file protein_38.txt (compact mmCIF, C-alpha atoms)
# COMPACT_ATOMS: atom_id res chain seq x y z
CA MET A 1 19.99 52.23 -2.46
CA PRO A 2 20.35 54.49 0.63
CA LYS A 3 17.17 52.95 2.10
CA ASN A 4 18.71 49.48 1.80
CA ARG A 5 21.88 50.60 3.55
CA LEU A 6 19.89 52.30 6.31
CA ALA A 7 17.73 49.20 6.85
CA THR A 8 20.80 46.94 6.79
CA GLY A 9 22.56 49.20 9.28
CA LEU A 10 19.56 49.22 11.60
CA ILE A 11 19.29 45.44 11.45
CA TRP A 12 23.00 45.04 12.24
CA LEU A 13 22.71 47.57 15.07
CA SER A 14 19.74 45.67 16.51
CA ALA A 15 21.57 42.35 16.24
CA MET A 16 24.67 43.77 17.95
CA LEU A 17 22.56 45.29 20.72
CA ILE A 18 20.83 41.96 21.35
CA CYS A 19 24.19 40.16 21.34
CA ALA A 20 25.61 42.72 23.78
CA VAL A 21 22.70 42.23 26.17
CA PHE A 22 23.12 38.45 25.93
CA VAL A 23 26.87 38.65 26.61
CA ARG A 24 26.23 40.97 29.57
CA LEU A 25 23.67 38.59 31.08
CA LEU A 26 25.90 35.58 30.50
CA ALA A 27 28.92 37.31 32.05
CA ASP A 28 26.89 38.41 35.07
CA MET A 29 25.56 34.89 35.54
CA LEU A 30 29.02 33.33 35.27
CA LEU A 31 30.75 35.91 37.47
CA ASN A 32 28.14 35.74 40.23
CA GLY A 33 27.16 32.08 39.85
CA LEU A 34 30.40 30.14 39.46
CA PRO A 35 31.83 31.17 42.87
CA ARG A 36 28.69 29.82 44.55
CA LEU A 37 28.71 26.51 42.67
CA SER A 38 30.13 23.66 44.73
CA TRP A 39 30.02 19.88 44.96
CA THR A 40 27.92 20.18 48.14
CA PHE A 41 25.35 22.30 46.31
CA LEU A 42 25.12 19.77 43.48
CA SER A 43 25.03 16.65 45.67
CA THR A 44 22.77 17.47 48.63
CA ALA A 45 19.03 17.82 49.03
CA PRO A 46 17.33 21.18 49.57
CA SER A 47 16.61 22.26 53.14
CA ASP A 48 14.77 25.10 54.86
CA ALA A 49 11.93 24.95 52.30
CA GLY A 50 14.38 25.28 49.40
CA ARG A 51 16.23 28.32 50.74
CA ALA A 52 19.32 26.30 51.66
CA GLY A 53 20.97 23.03 50.72
CA GLY A 54 21.48 21.65 47.27
CA ILE A 55 19.74 20.54 44.10
CA ALA A 56 20.59 16.82 43.76
CA PRO A 57 16.99 15.49 43.80
CA ILE A 58 15.95 18.13 41.28
CA ILE A 59 18.70 17.11 38.86
CA VAL A 60 17.83 13.41 39.23
CA SER A 61 14.09 13.94 38.77
CA THR A 62 14.67 16.14 35.72
CA GLY A 63 16.80 13.41 34.16
CA LEU A 64 14.11 10.81 34.90
CA ILE A 65 11.38 12.97 33.38
CA VAL A 66 13.44 13.43 30.22
CA LEU A 67 14.13 9.68 30.10
CA VAL A 68 10.40 8.88 30.35
CA ALA A 69 9.65 11.44 27.62
CA VAL A 70 12.27 9.98 25.26
CA ILE A 71 11.12 6.42 25.88
CA ALA A 72 7.49 7.39 25.26
CA ALA A 73 7.93 9.81 22.36
CA GLY A 74 10.86 8.22 20.51
CA PRO A 75 9.28 5.09 19.04
CA LEU A 76 5.88 6.74 18.49
CA GLY A 77 7.43 9.79 16.83
CA LEU A 78 9.69 7.75 14.57
CA ALA A 79 6.88 5.36 13.58
CA THR A 80 4.60 8.28 12.74
CA ALA A 81 7.34 9.98 10.73
CA ILE A 82 7.94 6.78 8.76
CA LEU A 83 4.20 6.49 8.12
CA LEU A 84 3.99 10.07 6.88
CA SER A 85 7.12 10.03 4.73
CA GLU A 86 7.05 6.52 3.28
CA PHE A 87 3.46 5.34 3.18
CA THR A 88 1.42 8.53 2.85
CA SER A 89 1.39 10.80 -0.16
CA PRO A 90 1.88 14.49 0.73
CA SER A 91 -1.03 15.31 -1.57
CA SER A 92 -3.42 12.85 0.10
CA ARG A 93 -6.14 14.17 2.34
CA PHE A 94 -4.95 12.05 5.28
CA GLY A 95 -1.34 13.25 4.93
CA ARG A 96 -2.36 16.91 4.77
CA LEU A 97 -4.67 16.51 7.77
CA ILE A 98 -1.96 14.91 9.90
CA GLU A 99 0.70 17.44 8.89
CA ARG A 100 -1.59 20.41 9.59
CA SER A 101 -2.59 18.90 12.92
CA LEU A 102 1.08 18.49 13.83
CA ASP A 103 1.77 22.10 12.83
CA VAL A 104 -1.05 23.29 15.08
CA LEU A 105 0.16 21.15 17.98
CA ALA A 106 3.73 22.41 17.54
CA GLY A 107 2.43 25.96 18.02
CA VAL A 108 0.56 25.26 21.26
CA PRO A 109 2.16 27.00 24.26
CA SER A 110 3.81 24.74 26.83
CA ILE A 111 1.48 25.95 29.59
CA VAL A 112 -1.44 24.45 27.67
CA PHE A 113 0.39 21.11 27.47
CA GLY A 114 1.07 21.38 31.21
CA LEU A 115 -2.59 21.97 31.98
CA PHE A 116 -3.56 19.08 29.70
CA GLY A 117 -1.02 16.80 31.38
CA ASN A 118 -2.29 17.78 34.82
CA ALA A 119 -5.91 17.20 33.85
CA PHE A 120 -5.40 13.99 31.86
CA PHE A 121 -2.43 12.16 33.37
CA CYS A 122 -2.55 13.39 36.96
CA ILE A 123 -6.30 13.60 37.57
CA TYR A 124 -8.14 11.52 34.96
CA LEU A 125 -5.68 8.59 34.80
CA GLY A 126 -4.90 8.93 38.52
CA LEU A 127 -1.11 9.07 38.12
CA GLY A 128 -0.89 12.01 40.48
CA PHE A 129 1.96 14.48 40.58
CA SER A 130 4.69 12.06 39.48
CA ILE A 131 7.69 11.60 37.24
CA LEU A 132 5.58 9.42 34.93
CA SER A 133 2.90 12.07 34.44
CA GLY A 134 5.53 14.78 33.90
CA GLY A 135 7.42 12.64 31.40
CA LEU A 136 4.28 11.76 29.45
CA THR A 137 3.29 15.43 29.36
CA LEU A 138 6.75 16.35 28.05
CA ALA A 139 6.45 13.57 25.46
CA CYS A 140 3.15 15.05 24.23
CA MET A 141 4.83 18.42 23.90
CA ALA A 142 7.85 17.04 22.01
CA LEU A 143 5.99 14.69 19.66
CA PRO A 144 4.82 17.20 17.01
CA ILE A 145 8.28 18.71 16.57
CA MET A 146 9.94 15.29 16.61
CA ILE A 147 7.55 13.89 14.00
CA ASN A 148 7.90 16.89 11.67
CA THR A 149 11.69 16.86 11.92
CA ALA A 150 12.05 13.12 11.40
CA ALA A 151 9.57 13.10 8.50
CA ALA A 152 11.43 15.96 6.78
CA GLY A 153 14.71 14.13 7.24
CA LEU A 154 13.30 10.90 5.84
CA ARG A 155 11.82 12.70 2.84
CA ALA A 156 15.18 14.34 2.14
CA ALA A 157 16.99 11.01 1.91
CA PRO A 158 17.80 10.00 -1.68
CA ASP A 159 15.94 7.03 -3.13
CA ASP A 160 19.26 5.18 -3.50
CA TYR A 161 19.48 4.93 0.30
CA ARG A 162 16.07 3.33 0.68
CA VAL A 163 15.78 -0.41 1.01
CA CYS A 164 13.15 -1.83 -1.31
CA ALA A 165 11.47 -5.10 -0.41

call {"tool": "encode", "arguments": {"input": "protein_38.txt", "output": "structure tokens"}}
result
Amino acid sequence: MPKNRLATGLIWLSAMLICAVFVRLLADMLLNGLPRLSWTFLSTAPSDAGRAGGIAPIIVSTGLIVLVAVIAAGPLGLATAILLSEFTSPSSRFGRLIERSLDVLAGVPSIVFGLFGNAFFCIYLGLGFSILSGGLTLACMALPIMINTAAAGLRAAPDDYRVCA
């Protein structure tokens, strides 16, 4: 029993240390960042090669990239999740292959998706460095997680909630 208490104490100590570091970083960021945050900073374009000015175009382009990713990945991810949960048996070879492939894709680092997006969307398809290519790359990165999550949620729904034709 003393080993369990020692291990539990060490785990709690580690968790508290990590929380303390997080709180310290958050407090430092808020104390030093909030005084410098202004409407001018949020609503103007950068100047002097990004050393001065604001971040308005960056906020807008980030929102557009996320919008493209949601529009591209949403219907495809939901349709694939419905296919996996409703029309494919978990024990079938096809279902296992797709689920394992999604698990592998979910574990791929984001830098690999970025390099793929640059090579495929920007260069091969000729979209260039654009919001569309960035959004499609982000959609590729989000799809495996979205499909797995939606399929698990659909499988967890009781049969009483399903509409039978």

call {"tool": "closest_residue", "arguments": {"input": "protein_38.txt", "among": "A:Ile65, A:Leu30, A:Val60, A:Ala52", "to": "Ile131 of chain A", "atoms": "all atoms listed in the file"}}
result
A:Ile65

call {"tool": "residues_around", "arguments": {"input": "protein_38.txt", "residues": "Leu42 of chain A", "least_positions_apart": "4", "cutoff": "8 Å", "atoms": "all atoms listed in the file", "output": "list in words"}}
result
Leu37, Ser38, Gly54, Ile55 and Ala56 of chain A

call {"tool": "closest_residue", "arguments": {"input": "protein_38.txt", "among": "A:Ala157, A:Leu6, A:Val23, A:Ile58", "to": "Glu86 of chain A", "atoms": "only C-alpha atoms"}}
result
A:Ala157

call {"tool": "closest_residue", "arguments": {"input": "protein_38.txt", "among": "A:Gly50, A:Gly153, A:Pro158, A:Gly135", "to": "Val66 of chain A", "atoms": "all atoms listed in the file"}}
result
A:Gly135

call {"tool": "residues_around", "arguments": {"input": "protein_38.txt", "residues": "segment 67-74 of chain A", "least_positions_apart": "4", "cutoff": "6 Å", "atoms": "all atoms listed in the file", "output": "list in words"}}
result
Gly135, Leu136, Leu138, Ala139 and Leu143 of chain A

call {"tool": "write_last_selection", "arguments": {"input": "protein_38.txt", "atoms": "C-alpha atoms", "output": "mmCIF file, in the coordinates of the input"}}
result
data_model
loop_
_atom_site.group_PDB
_atom_site.id
_atom_site.type_symbol
_atom_site.label_atom_id
_atom_site.label_comp_id
_atom_site.auth_asym_id
_atom_site.auth_seq_id
_atom_site.Cartn_x
_atom_site.Cartn_y
_atom_site.Cartn_z
ATOM 1 C CA GLY A 135 7.420 12.640 31.400
ATOM 2 C CA LEU A 136 4.280 11.760 29.450
ATOM 3 C CA LEU A 138 6.750 16.350 28.050
ATOM 4 C CA ALA A 139 6.450 13.570 25.460
ATOM 5 C CA LEU A 143 5.990 14.690 19.660
#
